[in-house]
$ cat target-v4.pdb   # PDB, C-alpha atoms
ATOM      1  CA  MET A   1       9.231  66.697 130.006
ATOM      2  CA  PRO A   2       9.802  65.448 126.433
ATOM      3  CA  ARG A   3       8.974  61.822 125.659
ATOM      4  CA  THR A   4       9.695  59.787 122.564
ATOM      5  CA  ALA A   5      10.212  56.311 124.002
ATOM      6  CA  PRO A   6       9.361  54.238 127.058
ATOM      7  CA  ASP A   7      10.994  55.415 130.260
ATOM      8  CA  ARG A   8      13.729  52.980 131.304
ATOM      9  CA  LYS A   9      15.769  52.957 134.486
ATOM     10  CA  TYR A  10      18.943  50.951 134.839
ATOM     11  CA  VAL A  11      20.806  50.160 138.048
ATOM     12  CA  MET A  12      24.184  48.687 137.271
ATOM     13  CA  THR A  13      27.035  47.619 139.535
ATOM     14  CA  ASN A  14      30.615  48.493 138.679
ATOM     15  CA  GLN A  15      31.268  44.874 137.727
ATOM     16  CA  LYS A  16      28.303  44.754 135.394
ATOM     17  CA  ARG A  17      29.205  48.135 133.969
ATOM     18  CA  THR A  18      32.741  46.953 133.214
ATOM     19  CA  SER A  19      31.420  43.771 131.642
ATOM     20  CA  ARG A  20      29.007  45.706 129.488
ATOM     21  CA  TRP A  21      31.768  48.136 128.470
ATOM     22  CA  SER A  22      33.994  45.238 127.462
ATOM     23  CA  LYS A  23      31.278  43.666 125.339
ATOM     24  CA  ARG A  24      30.426  46.998 123.752
ATOM     25  CA  ASN A  25      34.044  47.541 122.740
ATOM     26  CA  SER A  26      34.985  43.968 121.837
ATOM     27  CA  PRO A  27      36.460  43.270 118.370
ATOM     28  CA  LYS A  28      33.473  41.081 117.498
ATOM     29  CA  ARG A  29      31.033  43.856 118.364
ATOM     30  CA  ALA A  30      33.047  46.329 116.311
ATOM     31  CA  PHE A  31      33.125  43.900 113.375
ATOM     32  CA  ASP A  32      29.375  43.291 113.611
ATOM     33  CA  ALA A  33      28.744  47.039 113.667
ATOM     34  CA  LEU A  34      30.962  47.487 110.611
ATOM     35  CA  MET A  35      29.148  44.744 108.687
ATOM     36  CA  THR A  36      25.788  46.189 109.646
ATOM     37  CA  ALA A  37      26.874  49.592 108.335
ATOM     38  CA  ILE A  38      28.134  48.030 105.091
ATOM     39  CA  ARG A  39      24.888  46.117 104.560
ATOM     40  CA  SER A  40      22.904  49.268 105.295
ATOM     41  CA  ASN A  41      24.912  51.273 102.764
ATOM     42  CA  ILE A  42      24.448  48.574 100.147
ATOM     43  CA  MET A  43      20.681  48.476 100.762
ATOM     44  CA  ASN A  44      20.440  52.258 100.595
ATOM     45  CA  SER A  45      22.196  52.274  97.209
ATOM     46  CA  LEU A  46      19.725  49.850  95.626
ATOM     47  CA  SER A  47      16.863  50.856  93.366
ATOM     48  CA  ASP A  48      13.329  50.627  94.739
ATOM     49  CA  ARG A  49      12.628  47.502  92.690
ATOM     50  CA  LEU A  50      15.542  45.713  94.330
ATOM     51  CA  HIS A  51      15.277  47.253  97.793
ATOM     52  CA  VAL A  52      11.618  46.305  98.375
ATOM     53  CA  PRO A  53      11.865  42.551  97.627
ATOM     54  CA  LEU A  54      15.231  42.199  99.388
ATOM     55  CA  ARG A  55      13.918  43.833 102.539
ATOM     56  CA  TYR A  56      10.875  41.556 102.371
ATOM     57  CA  LYS A  57      13.115  38.486 102.032
ATOM     58  CA  ARG A  58      15.165  39.587 105.022
ATOM     59  CA  ALA A  59      11.946  39.744 107.071
ATOM     60  CA  PHE A  60      10.212  36.581 105.837
ATOM     61  CA  GLY A  61      12.897  34.390 104.251
ATOM     62  CA  GLU A  62      11.368  34.470 100.782
ATOM     63  CA  PHE A  63      10.813  36.934  97.964
ATOM     64  CA  PRO A  64       7.376  38.515  97.491
ATOM     65  CA  ASN A  65       5.302  37.905  94.395
ATOM     66  CA  LEU A  66       5.030  41.463  93.099
ATOM     67  CA  ARG A  67       3.804  40.522  89.634
ATOM     68  CA  ASN A  68       0.688  38.866  91.010
ATOM     69  CA  PRO A  69       0.522  39.788  94.705
ATOM     70  CA  LYS A  70      -1.871  37.713  96.818
ATOM     71  CA  THR A  71      -1.074  38.280 100.486
ATOM     72  CA  PHE A  72      -1.640  41.497 102.412
ATOM     73  CA  ASN A  73       2.091  42.161 102.729
ATOM     74  CA  GLU A  74       2.719  41.506  99.038
ATOM     75  CA  LYS A  75      -0.042  43.923  98.038
ATOM     76  CA  ILE A  76       1.280  46.572 100.406
ATOM     77  CA  CYS A  77       4.774  46.130  98.942
ATOM     78  CA  TYR A  78       3.296  46.568  95.459
ATOM     79  CA  ARG A  79       1.625  49.779  96.659
ATOM     80  CA  LYS A  80       4.960  51.084  97.901
ATOM     81  CA  LEU A  81       6.242  50.929  94.339
ATOM     82  CA  HIS A  82       3.015  52.071  92.626
ATOM     83  CA  PRO A  83       1.138  54.479  94.889
ATOM     84  CA  GLN A  84      -1.862  56.434  93.713
ATOM     85  CA  PRO A  85      -1.147  60.208  93.677
ATOM     86  CA  VAL A  86      -3.818  60.797  96.328
ATOM     87  CA  PHE A  87      -1.860  58.606  98.760
ATOM     88  CA  SER A  88       0.766  61.357  99.035
ATOM     89  CA  ILE A  89      -1.823  64.005  99.862
ATOM     90  CA  LEU A  90      -3.531  61.953 102.547
ATOM     91  CA  SER A  91      -0.282  60.578 104.009
ATOM     92  CA  ASP A  92       0.732  64.174 104.707
ATOM     93  CA  LYS A  93      -0.399  64.736 108.298
ATOM     94  CA  ILE A  94      -1.120  68.398 107.571
ATOM     95  CA  GLU A  95      -2.789  68.086 104.166
ATOM     96  CA  ALA A  96      -4.983  65.230 105.422
ATOM     97  CA  ARG A  97      -6.645  67.647 107.855
ATOM     98  CA  ALA A  98      -8.425  69.392 104.971
ATOM     99  CA  TYR A  99      -9.815  66.058 103.761
ATOM    100  CA  VAL A 100     -11.025  65.164 107.246
ATOM    101  CA  LYS A 101     -12.641  68.578 107.712
ATOM    102  CA  HIS A 102     -14.437  68.301 104.377
ATOM    103  CA  THR A 103     -15.486  64.665 104.773
ATOM    104  CA  ILE A 104     -16.503  64.248 108.425
ATOM    105  CA  GLY A 105     -16.108  67.682 110.014
ATOM    106  CA  GLU A 106     -13.634  69.934 111.771
ATOM    107  CA  ARG A 107     -14.583  68.741 115.263
ATOM    108  CA  PHE A 108     -12.649  65.518 114.656
ATOM    109  CA  LEU A 109      -9.336  67.363 114.188
ATOM    110  CA  ILE A 110      -6.857  67.738 117.037
ATOM    111  CA  PRO A 111      -6.535  71.460 117.818
ATOM    112  CA  HIS A 112      -3.132  72.847 116.869
ATOM    113  CA  TYR A 113      -1.005  75.839 117.878
ATOM    114  CA  GLY A 114       0.893  76.347 114.663
ATOM    115  CA  ILE A 115       2.247  74.932 111.404
ATOM    116  CA  ALA A 116       5.705  75.890 110.191
ATOM    117  CA  LYS A 117       8.551  74.918 107.900
ATOM    118  CA  GLU A 118      10.891  75.304 110.861
ATOM    119  CA  LEU A 119      10.652  76.114 114.537
ATOM    120  CA  SER A 120      11.291  79.800 115.279
ATOM    121  CA  PRO A 121      11.960  81.433 118.669
ATOM    122  CA  ASP A 122       8.667  83.335 118.404
ATOM    123  CA  LEU A 123       6.690  80.156 117.760
ATOM    124  CA  PHE A 124       8.439  78.398 120.630
ATOM    125  CA  GLU A 125       7.509  81.225 122.992
ATOM    126  CA  GLN A 126       3.870  81.071 121.878
ATOM    127  CA  LEU A 127       3.532  77.345 122.536
ATOM    128  CA  PRO A 128       1.677  76.338 125.713
ATOM    129  CA  ASN A 129       3.263  74.441 128.569
ATOM    130  CA  SER A 130       2.351  71.044 127.075
ATOM    131  CA  PHE A 131       2.004  70.091 123.418
ATOM    132  CA  VAL A 132       2.980  67.533 120.802
ATOM    133  CA  MET A 133       5.461  68.336 118.054
ATOM    134  CA  LYS A 134       5.024  66.327 114.845
ATOM    135  CA  ALA A 135       6.431  66.338 111.338
ATOM    136  CA  SER A 136       4.150  65.974 108.347
ATOM    137  CA  HIS A 137       6.084  63.631 106.121
ATOM    138  CA  GLY A 138       6.484  60.233 107.786
ATOM    139  CA  SER A 139       6.101  57.957 110.766
ATOM    140  CA  GLY A 140       7.821  58.299 114.130
ATOM    141  CA  PHE A 141       8.379  62.047 113.872
ATOM    142  CA  ASN A 142       6.618  63.036 117.079
ATOM    143  CA  LEU A 143       7.583  64.341 120.482
ATOM    144  CA  LEU A 144       5.362  64.667 123.549
ATOM    145  CA  VAL A 145       6.291  67.661 125.677
ATOM    146  CA  ASP A 146       4.715  67.406 129.129
ATOM    147  CA  ASP A 147       6.351  70.543 130.478
ATOM    148  CA  LYS A 148       8.014  73.126 128.259
ATOM    149  CA  GLN A 149      10.070  74.318 131.227
ATOM    150  CA  ASN A 150      12.045  71.054 131.049
ATOM    151  CA  THR A 151      13.187  71.556 127.481
ATOM    152  CA  SER A 152      14.643  74.405 125.435
ATOM    153  CA  PHE A 153      14.249  76.020 122.056
ATOM    154  CA  ALA A 154      17.654  74.655 121.003
ATOM    155  CA  GLU A 155      16.727  71.061 121.866
ATOM    156  CA  LEU A 156      13.441  71.178 119.974
ATOM    157  CA  TYR A 157      14.990  73.053 117.061
ATOM    158  CA  ASN A 158      17.800  70.525 116.643
ATOM    159  CA  LEU A 159      15.426  67.556 116.831
ATOM    160  CA  SER A 160      12.978  69.107 114.397
ATOM    161  CA  GLN A 161      15.797  69.879 111.947
ATOM    162  CA  GLN A 162      16.822  66.208 112.074
ATOM    163  CA  TRP A 163      13.274  65.250 111.136
ATOM    164  CA  LEU A 164      12.930  67.867 108.408
ATOM    165  CA  SER A 165      16.219  66.856 106.784
ATOM    166  CA  GLN A 166      15.005  63.299 106.217
ATOM    167  CA  ASN A 167      12.941  61.965 103.348
ATOM    168  CA  PHE A 168      10.930  59.186 104.992
ATOM    169  CA  TYR A 169      10.601  57.455 101.616
ATOM    170  CA  THR A 170      14.218  56.275 101.847
ATOM    171  CA  VAL A 171      13.576  54.097 104.924
ATOM    172  CA  CYS A 172      11.388  51.438 103.281
ATOM    173  CA  ARG A 173      10.845  52.972  99.812
ATOM    174  CA  GLU A 174       7.212  53.930 100.446
ATOM    175  CA  ASN A 175       6.976  56.139  97.382
ATOM    176  CA  GLN A 176       3.911  58.070  98.506
ATOM    177  CA  TYR A 177       6.080  59.863 101.082
ATOM    178  CA  LYS A 178       8.665  61.002  98.530
ATOM    179  CA  PRO A 179       6.947  64.238  97.357
ATOM    180  CA  ILE A 180       5.583  65.343 100.753
ATOM    181  CA  GLU A 181       6.890  68.727 101.892
ATOM    182  CA  PRO A 182       8.463  68.372 105.363
ATOM    183  CA  ARG A 183       6.679  70.645 107.824
ATOM    184  CA  LEU A 184       6.028  70.834 111.544
ATOM    185  CA  ILE A 185       2.714  70.924 113.347
ATOM    186  CA  PHE A 186       2.286  71.598 117.054
ATOM    187  CA  GLU A 187      -0.857  69.966 118.416
ATOM    188  CA  LYS A 188      -2.713  69.948 121.684
ATOM    189  CA  MET A 189      -1.559  67.094 123.898
ATOM    190  CA  LEU A 190      -4.381  64.606 124.297
ATOM    191  CA  LEU A 191      -4.800  62.723 127.563
ATOM    192  CA  ASP A 192      -7.375  60.097 128.424
ATOM    193  CA  GLU A 193      -9.703  60.175 131.400
ATOM    194  CA  GLU A 194      -6.876  58.860 133.603
ATOM    195  CA  LYS A 195      -4.546  61.638 132.412
ATOM    196  CA  LYS A 196      -2.462  59.154 130.424
ATOM    197  CA  VAL A 197      -1.443  59.014 126.779
ATOM    198  CA  PRO A 198      -4.613  57.771 125.040
ATOM    199  CA  LYS A 199      -4.994  54.470 123.247
ATOM    200  CA  ASP A 200      -4.624  54.564 119.487
ATOM    201  CA  TYR A 201      -7.537  52.952 117.615
ATOM    202  CA  LYS A 202      -6.526  51.934 114.108
ATOM    203  CA  PHE A 203      -9.330  50.916 111.757
ATOM    204  CA  HIS A 204      -8.152  48.634 108.960
ATOM    205  CA  CYS A 205     -10.783  49.316 106.293
ATOM    206  CA  PHE A 206     -11.149  46.894 103.365
ATOM    207  CA  SER A 207     -13.514  47.312 100.437
ATOM    208  CA  ALA A 208     -14.091  45.129  97.391
ATOM    209  CA  PRO A 209     -16.613  45.709  94.564
ATOM    210  CA  GLY A 210     -20.018  44.242  95.351
ATOM    211  CA  LYS A 211     -19.116  43.378  98.956
ATOM    212  CA  GLU A 212     -19.745  44.941 102.326
ATOM    213  CA  PRO A 213     -16.709  46.726 103.796
ATOM    214  CA  VAL A 214     -14.662  44.675 106.252
ATOM    215  CA  ILE A 215     -13.025  46.394 109.219
ATOM    216  CA  TYR A 216     -10.608  45.140 111.832
ATOM    217  CA  ILE A 217      -9.805  47.355 114.802
ATOM    218  CA  GLU A 218      -6.248  47.492 116.092
ATOM    219  CA  VAL A 219      -5.760  49.031 119.526
ATOM    220  CA  SER A 220      -2.273  50.040 120.584
ATOM    221  CA  HIS A 221      -1.782  51.076 124.177
ATOM    222  CA  ASP A 222       0.791  51.587 126.921
ATOM    223  CA  ARG A 223       3.140  52.847 124.223
ATOM    224  CA  PHE A 224       5.531  54.396 126.738
ATOM    225  CA  ILE A 225       5.410  51.633 129.351
ATOM    226  CA  ASN A 226       4.683  48.143 128.038
ATOM    227  CA  TYR A 227       3.589  48.414 124.429
ATOM    228  CA  LYS A 228       0.729  46.082 123.537
ATOM    229  CA  VAL A 229      -1.517  45.605 120.531
ATOM    230  CA  ASP A 230      -4.991  44.062 120.521
ATOM    231  CA  PHE A 231      -7.214  43.336 117.528
ATOM    232  CA  PHE A 232     -11.007  43.194 117.462
ATOM    233  CA  ASP A 233     -13.732  42.598 114.926
ATOM    234  CA  LEU A 234     -16.716  44.916 114.547
ATOM    235  CA  ASP A 235     -18.533  43.090 117.345
ATOM    236  CA  TRP A 236     -15.612  43.898 119.660
ATOM    237  CA  LYS A 237     -14.577  40.266 119.831
ATOM    238  CA  PRO A 238     -10.802  39.728 120.180
ATOM    239  CA  VAL A 239      -9.073  38.227 117.159
ATOM    240  CA  GLN A 240      -5.506  36.993 116.789
ATOM    241  CA  VAL A 241      -3.716  38.810 113.995
ATOM    242  CA  ARG A 242      -0.083  39.626 114.696
ATOM    243  CA  SER A 243       2.672  37.488 116.172
ATOM    244  CA  GLU A 244       4.456  40.401 117.865
ATOM    245  CA  HIS A 245       3.234  42.626 120.682
ATOM    246  CA  LEU A 246       0.832  39.865 121.664
ATOM    247  CA  ASN A 247      -2.643  40.705 122.863
ATOM    248  CA  SER A 248      -2.716  42.020 126.392
ATOM    249  CA  ASP A 249      -4.055  39.880 129.227
ATOM    250  CA  ILE A 250      -6.660  42.456 130.192
ATOM    251  CA  ASP A 251     -10.185  42.902 128.896
ATOM    252  CA  LEU A 252     -10.327  46.181 127.047
ATOM    253  CA  GLU A 253     -13.648  47.891 127.490
ATOM    254  CA  LYS A 254     -15.536  48.752 124.319
ATOM    255  CA  PRO A 255     -15.351  52.543 123.845
ATOM    256  CA  ARG A 256     -18.723  54.239 124.020
ATOM    257  CA  THR A 257     -17.972  56.126 120.797
ATOM    258  CA  LEU A 258     -16.854  53.033 118.861
ATOM    259  CA  ASP A 259     -19.899  52.834 116.585
ATOM    260  CA  GLU A 260     -19.550  56.469 115.576
ATOM    261  CA  ALA A 261     -15.808  56.014 115.030
ATOM    262  CA  ILE A 262     -16.512  53.053 112.738
ATOM    263  CA  SER A 263     -18.946  55.191 110.767
ATOM    264  CA  ARG A 264     -16.407  58.014 110.442
ATOM    265  CA  ALA A 265     -13.655  55.597 109.422
ATOM    266  CA  LYS A 266     -15.891  54.204 106.678
ATOM    267  CA  ALA A 267     -16.547  57.726 105.427
ATOM    268  CA  LEU A 268     -12.843  58.565 105.238
ATOM    269  CA  ALA A 269     -12.028  55.187 103.651
ATOM    270  CA  ALA A 270     -14.721  55.452 100.960
ATOM    271  CA  GLY A 271     -13.222  54.984  97.513
ATOM    272  CA  PHE A 272     -10.147  53.105  98.703
ATOM    273  CA  SER A 273      -9.830  49.331  98.523
ATOM    274  CA  TYR A 274      -7.730  49.454 101.679
ATOM    275  CA  VAL A 275      -6.622  52.156 104.090
ATOM    276  CA  ARG A 276      -5.960  52.303 107.809
ATOM    277  CA  VAL A 277      -7.726  55.179 109.555
ATOM    278  CA  ASP A 278      -6.483  56.085 113.040
ATOM    279  CA  PHE A 279      -8.511  57.773 115.762
ATOM    280  CA  TYR A 280      -8.115  58.625 119.432
ATOM    281  CA  LEU A 281     -11.306  57.865 121.360
ATOM    282  CA  ILE A 282     -11.361  59.856 124.585
ATOM    283  CA  GLY A 283     -14.607  59.912 126.538
ATOM    284  CA  ASP A 284     -17.223  61.288 124.155
ATOM    285  CA  ASP A 285     -14.631  62.781 121.802
ATOM    286  CA  ILE A 286     -13.151  61.322 118.632
ATOM    287  CA  TYR A 287      -9.940  62.772 117.198
ATOM    288  CA  PHE A 288      -8.371  61.935 113.848
ATOM    289  CA  GLY A 289      -4.791  60.683 113.942
ATOM    290  CA  GLU A 290      -3.704  59.775 110.412
ATOM    291  CA  MET A 291      -4.425  57.735 107.305
ATOM    292  CA  THR A 292      -1.942  55.023 106.344
ATOM    293  CA  PHE A 293      -1.865  53.222 103.008
ATOM    294  CA  THR A 294       1.199  51.012 103.547
ATOM    295  CA  PRO A 295       1.175  50.025 107.241
ATOM    296  CA  MET A 296       4.438  48.633 108.563
ATOM    297  CA  ALA A 297       5.759  48.987 105.001
ATOM    298  CA  GLY A 298       4.343  45.586 104.040
ATOM    299  CA  LEU A 299       6.418  43.796 106.670
ATOM    300  CA  MET A 300       3.693  42.974 109.187
ATOM    301  CA  LYS A 301       4.408  39.799 111.152
ATOM    302  CA  PHE A 302       1.066  38.004 111.077
ATOM    303  CA  LYS A 303       0.185  35.179 113.436
ATOM    304  CA  SER A 304       0.134  32.864 110.434
ATOM    305  CA  ARG A 305       0.553  32.848 106.676
ATOM    306  CA  GLN A 306      -3.156  32.091 106.426
ATOM    307  CA  ILE A 307      -4.106  35.433 108.027
ATOM    308  CA  ASP A 308      -1.744  37.251 105.659
ATOM    309  CA  GLU A 309      -3.568  35.576 102.757
ATOM    310  CA  GLU A 310      -7.026  36.230 104.223
ATOM    311  CA  TRP A 311      -6.317  39.938 104.638
ATOM    312  CA  GLY A 312      -4.840  40.037 101.128
ATOM    313  CA  ALA A 313      -8.045  38.584  99.671
ATOM    314  CA  LEU A 314     -10.068  41.491 101.105
ATOM    315  CA  PHE A 315      -8.781  44.125  98.652
ATOM    316  CA  ASN A 316      -7.552  44.359  95.083
ATOM    317  CA  ASP A 317      -4.553  46.663  95.048
TER     318      ASP A 317
END

$ encode --input "target-v4.pdb" --output "structure tokens"
Amino acid sequence: MPRTAPDRKYVMTNQKRTSRWSKRNSPKRAFDALMTAIRSNIMNSLSDRLHVPLRYKRAFGEFPNLRNPKTFNEKICYRKLHPQPVFSILSDKIEARAYVKHTIGERFLIPHYGIAKELSPDLFEQLPNSFVMKASHGSGFNLLVDDKQNTSFAELYNLSQQWLSQNFYTVCRENQYKPIEPRLIFEKMLLDEEKKVPKDYKFHCFSAPGKEPVIYIEVSHDRFINYKVDFFDLDWKPVQVRSEHLNSDIDLEKPRTLDEAISRAKALAAGFSYVRVDFYLIGDDIYFGEMTFTPMAGLMKFKSRQIDEEWGALFND
């Protein structure tokens, strides 16, 4: 069964359904939708140098300092406008596999069943009963297929064509995504030891000349049920970082492969002042997810301005 979002079940009485219909079709709702569409069209028509600071102001109520960026979000916004050429190569989920294979080894790559510019009937027939369909050129282009019998070639083809027709750069003007060739990759579906979608371990790797690398570990879990995010330092002590998706109220056990994952993240991050390296840690196995140079497009809601500044001080560009 395909999954892209948390499963939600609604039970609604006729009265509630009528009320909801009325609100959905009210003049005010229609006007708000119209204004939203107008604002979106205006934003989409702006140049990158206008779009980036205006989107930042809409999120934080002030313009970023892009001439002399200090905070983490400001520096990420600067990167969006001035990416290094290598960012495009390593932001490509397919091209990055070659870098991972060369740097830390092929065993850290998720096995795949095929790479294609579009889904063909032959490729669909060759796919196993469960798999993950991803696109190479952005974030959010992924579909978990639990049981191929519950979907069809037409459904997957239409969805994949929607993905492939989009240039992810246009969403938040992350320029490193602009030249990436849209392609599809069909990977093995990973499940943890409880047969659930595995936690995503994101290693925020900072490096400054003459200083030891600094790493914060972000753990996202229950993505399809009750999405939560926890942050830890290298000693696996919880730290408060973001104001949204607050830390869960459970004690997350330190993965037994954490130390090796930290070592592999450092290897992949070598030479970059900042990059986020994502892994899946399942039992004794470590699988590479992606490398991200502009996480959350420089719009991360930190717990405080101070943390935004502290993270910004850890790298230079």

$ resolve_selection --input "target-v4.pdb" --expression "the PyMOL selection byres ((chain A and resi 66) around 9)" --output "ChimeraX atom specification"
/A:53,63-65,67-70,74-75,77-78

$ closest_residue --input "target-v4.pdb" --among "A:Leu127, A:Leu46, A:Ala98, A:Val86" --to "Lys148 in chain A" --atoms "all atoms listed in the file"
A:Leu127

$ residues_near_point --input "target-v4.pdb" --point "(-17.4, 64.4, 107.3)" --cutoff "12 Å" --atoms "all atoms listed in the file" --output "list in words"
Arg97, Ala98, Tyr99, Val100, Lys101, His102, Thr103, Ile104, Gly105, Glu106, Arg107, Phe108, Leu109, Glu260, Ala261, Ser263, Arg264, Ala265, Lys266, Ala267, Leu268, Ala269, Ala270 and Phe288 of chain A

$ resolve_selection --input "target-v4.pdb" --expression "the PyMOL selection byres ((chain A and resi 135) around 7)" --output "list in words"
Lys134, Ser136, His137, Phe141, Asn142, Trp163, Pro182, Arg183, Leu184 and Ile185 of chain A

$ atom_distance --input "target-v4.pdb" --atom1 "CA of Leu252 in chain A" --atom2 "CA of Tyr227 in chain A"
14.3 Å

$ resolve_selection --input "target-v4.pdb" --expression "the PyMOL selection byres ((chain A and resi 304) around 10)" --output "list of chain:residue names"
A:Gln240, A:Val241, A:Arg242, A:Ser243, A:Lys301, A:Phe302, A:Lys303, A:Arg305, A:Gln306, A:Ile307, A:Asp308, A:Glu309

$ closest_residue --input "target-v4.pdb" --among "A:Tyr280, A:Asp192, A:Val197, A:Arg256" --to "Val219 in chain A" --atoms "only C-alpha atoms"
A:Tyr280

$ decode --input "target-v4.pdb" --residues "range 208-219 of chain A" --atoms "N, CA, C and O atoms" --output "PDB file, in the first residue's frame"
ATOM      1  N   ALA A 208      35.365  24.227  11.283  1.00  0.00           N
ATOM      2  CA  ALA A 208      36.006  25.537  11.145  1.00  0.00           C
ATOM      3  C   ALA A 208      37.514  25.339  11.208  1.00  0.00           C
ATOM      4  O   ALA A 208      37.991  24.436  11.912  1.00  0.00           O
ATOM      5  N   PRO A 209      38.293  26.140  10.477  1.00  0.00           N
ATOM      6  CA  PRO A 209      39.750  25.982  10.459  1.00  0.00           C
ATOM      7  C   PRO A 209      40.346  26.012  11.871  1.00  0.00           C
ATOM      8  O   PRO A 209      40.017  26.882  12.675  1.00  0.00           O
ATOM      9  N   GLY A 210      41.193  25.046  12.165  1.00  0.00           N
ATOM     10  CA  GLY A 210      41.883  25.016  13.440  1.00  0.00           C
ATOM     11  C   GLY A 210      41.051  24.521  14.610  1.00  0.00           C
ATOM     12  O   GLY A 210      41.507  24.567  15.750  1.00  0.00           O
ATOM     13  N   LYS A 211      39.824  24.045  14.336  1.00  0.00           N
ATOM     14  CA  LYS A 211      38.953  23.587  15.420  1.00  0.00           C
ATOM     15  C   LYS A 211      38.479  22.155  15.155  1.00  0.00           C
ATOM     16  O   LYS A 211      38.422  21.705  14.011  1.00  0.00           O
ATOM     17  N   GLU A 212      38.159  21.460  16.229  1.00  0.00           N
ATOM     18  CA  GLU A 212      37.609  20.133  16.104  1.00  0.00           C
ATOM     19  C   GLU A 212      36.190  20.216  15.507  1.00  0.00           C
ATOM     20  O   GLU A 212      35.447  21.153  15.820  1.00  0.00           O
ATOM     21  N   PRO A 213      35.837  19.270  14.656  1.00  0.00           N
ATOM     22  CA  PRO A 213      34.467  19.273  14.114  1.00  0.00           C
ATOM     23  C   PRO A 213      33.429  19.192  15.229  1.00  0.00           C
ATOM     24  O   PRO A 213      33.650  18.564  16.260  1.00  0.00           O
ATOM     25  N   VAL A 214      32.313  19.856  15.017  1.00  0.00           N
ATOM     26  CA  VAL A 214      31.190  19.816  15.955  1.00  0.00           C
ATOM     27  C   VAL A 214      30.030  19.120  15.243  1.00  0.00           C
ATOM     28  O   VAL A 214      29.730  19.430  14.088  1.00  0.00           O
ATOM     29  N   ILE A 215      29.390  18.190  15.933  1.00  0.00           N
ATOM     30  CA  ILE A 215      28.281  17.451  15.338  1.00  0.00           C
ATOM     31  C   ILE A 215      27.095  17.415  16.295  1.00  0.00           C
ATOM     32  O   ILE A 215      27.268  17.112  17.487  1.00  0.00           O
ATOM     33  N   TYR A 216      25.937  17.737  15.770  1.00  0.00           N
ATOM     34  CA  TYR A 216      24.686  17.535  16.484  1.00  0.00           C
ATOM     35  C   TYR A 216      23.879  16.487  15.722  1.00  0.00           C
ATOM     36  O   TYR A 216      23.873  16.471  14.487  1.00  0.00           O
ATOM     37  N   ILE A 217      23.222  15.619  16.457  1.00  0.00           N
ATOM     38  CA  ILE A 217      22.489  14.510  15.853  1.00  0.00           C
ATOM     39  C   ILE A 217      20.994  14.764  15.987  1.00  0.00           C
ATOM     40  O   ILE A 217      20.470  14.886  17.092  1.00  0.00           O
ATOM     41  N   GLU A 218      20.343  14.852  14.864  1.00  0.00           N
ATOM     42  CA  GLU A 218      18.887  15.032  14.809  1.00  0.00           C
ATOM     43  C   GLU A 218      18.248  13.682  14.481  1.00  0.00           C
ATOM     44  O   GLU A 218      18.643  13.029  13.515  1.00  0.00           O
ATOM     45  N   VAL A 219      17.291  13.288  15.277  1.00  0.00           N
ATOM     46  CA  VAL A 219      16.608  12.009  15.054  1.00  0.00           C
ATOM     47  C   VAL A 219      15.138  12.285  14.774  1.00  0.00           C
ATOM     48  O   VAL A 219      14.430  12.820  15.636  1.00  0.00           O
TER      49      VAL A 219
END
